[in-house]
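Worksheet: the structure to be examined is printed underneath.
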Amino acid sequence: MCSYMNIDNLESHADFPDEIQELKELIKKVNGANEARLHLAADMAESVKNAKTFIVKAEDARILGDMKQMKKMYSNLFIENRSLIGELLKRTSNHETLVTSLKSINAMINKASNLRYGAPKTKVVTLCRTAIKENNIFSLV
């Protein structure tokens, strides 16, 4: 419509309280997912370290002929492996939640930019993306 009317720039101001509330909730969800991601990554790193230790101890026991200790270490490794699989499932679920939330935020940014045309449209998108990168999310609201 703007191109048909030969309008180069169109800026607008709008207030959508429901959308702003939804954006705040999405931002909280993203922050929670990021915190959980960091926590899960630390837990997985600890589990991997433990698994490596169990492997080394099991091989030492095998070389020394201590089959009872070797069996115990491989049993511990099996338990640690199960724990890692569980952590991976949690991490995958958390990642999916994070991606879905970020896609929703991106859709909101696109909606906000579609209310403008030309340079103001580009400016809105750039400012929103900069706010997200700098973790200054509340400047979006």
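Every chain in the structure tokens has a letter given in the order shown (A, B, ...), and although residue numbers restart at 1 in each chain, ligands are simply numbered from 1 in the order shown.
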Closest atom pairs, residues of range 60-134 of chain A within 7 Å of range 42-49 of chain A, only C-alpha atoms, as a tab-separated table:
residue	atom	partner	partner_atom	distance
A:Glu80	CA	A:Ser47	CA	6.5
A:Leu84	CA	A:Met44	CA	6.4
A:Glu87	CA	A:Met44	CA	6.7
Any chance you could export the current selection's N, CA, C and O atoms as a short mmCIF file (atom, residue, chain, number, x, y, z; two decimals), in the first residue's frame?
data_model
loop_
_atom_site.label_atom_id
_atom_site.label_comp_id
_atom_site.auth_asym_id
_atom_site.auth_seq_id
_atom_site.Cartn_x
_atom_site.Cartn_y
_atom_site.Cartn_z
N GLU A 80 25.89 -43.98 35.39
CA GLU A 80 26.23 -42.61 34.98
C GLU A 80 25.76 -42.35 33.55
O GLU A 80 25.29 -41.25 33.23
N LEU A 84 23.25 -39.52 32.20
CA LEU A 84 23.56 -38.62 31.07
C LEU A 84 22.43 -38.61 30.05
O LEU A 84 22.09 -37.56 29.50
N GLU A 87 19.69 -36.49 31.43
CA GLU A 87 20.06 -35.07 31.34
C GLU A 87 19.93 -34.56 29.90
O GLU A 87 19.51 -33.44 29.67
#
Using only C-alpha atoms, which residues of range 78-139 of chain A come within 12 Å of range 54-72 of chain A, and what is the closest atom pair for each, with the distance in Å to one decimal? Give it as a Markdown table, sorted by chain and residue number.
| residue | atom | partner | partner_atom | distance |
| --- | --- | --- | --- | --- |
| A:Phe78 | CA | A:Phe54 | CA | 9.5 |
| A:Ile79 | CA | A:Phe54 | CA | 10.6 |
| A:Glu80 | CA | A:Phe54 | CA | 9.0 |
| A:Asn81 | CA | A:Phe54 | CA | 10.7 |
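The space separating CA of Lys28 in chain A from CA of Lys121 in chain A comes to 25.9 Å.
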Any idea what the distance is between CA of Pro17 in chain A and CA of Ala33 in chain A?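 Value for the CA of Pro17 in chain A-CA of Ala33 in chain A distance: 24.2 Å.
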Can you measure CA of Asn136 in chain A to CA of His95 in chain A for me? One decimal in Å is fine. 21.1 Å
Extract, using only C-alpha atoms, all DNA, RNA and protein residues at most 12 Å from Asn34 in chain A, discarding same-chain residues fewer than 6 positions from it, and format them as a list of chain:residue names. A:Ile27, A:Lys28, A:Leu40, A:Ala41, A:Arg91, A:Asn94, A:His95, A:Glu96, A:Thr97, A:Leu98, A:Val99, A:Ser101, A:Leu102, A:Asn135
Name the residues in contact with Ala112 in chain A at a cut-off of 9 Å, using only C-alpha atoms, excluding same-chain residues fewer than 4 positions from it; report them as a list in words. Ala14, Ala107, Met108, Arg116, Lys121, Val124 and Val125 of chain A
Step one, run DSSP on the backbone; step two, keep only residues of chain A assigned to alpha helix (DSSP H); then write them as a count of residues only. 110
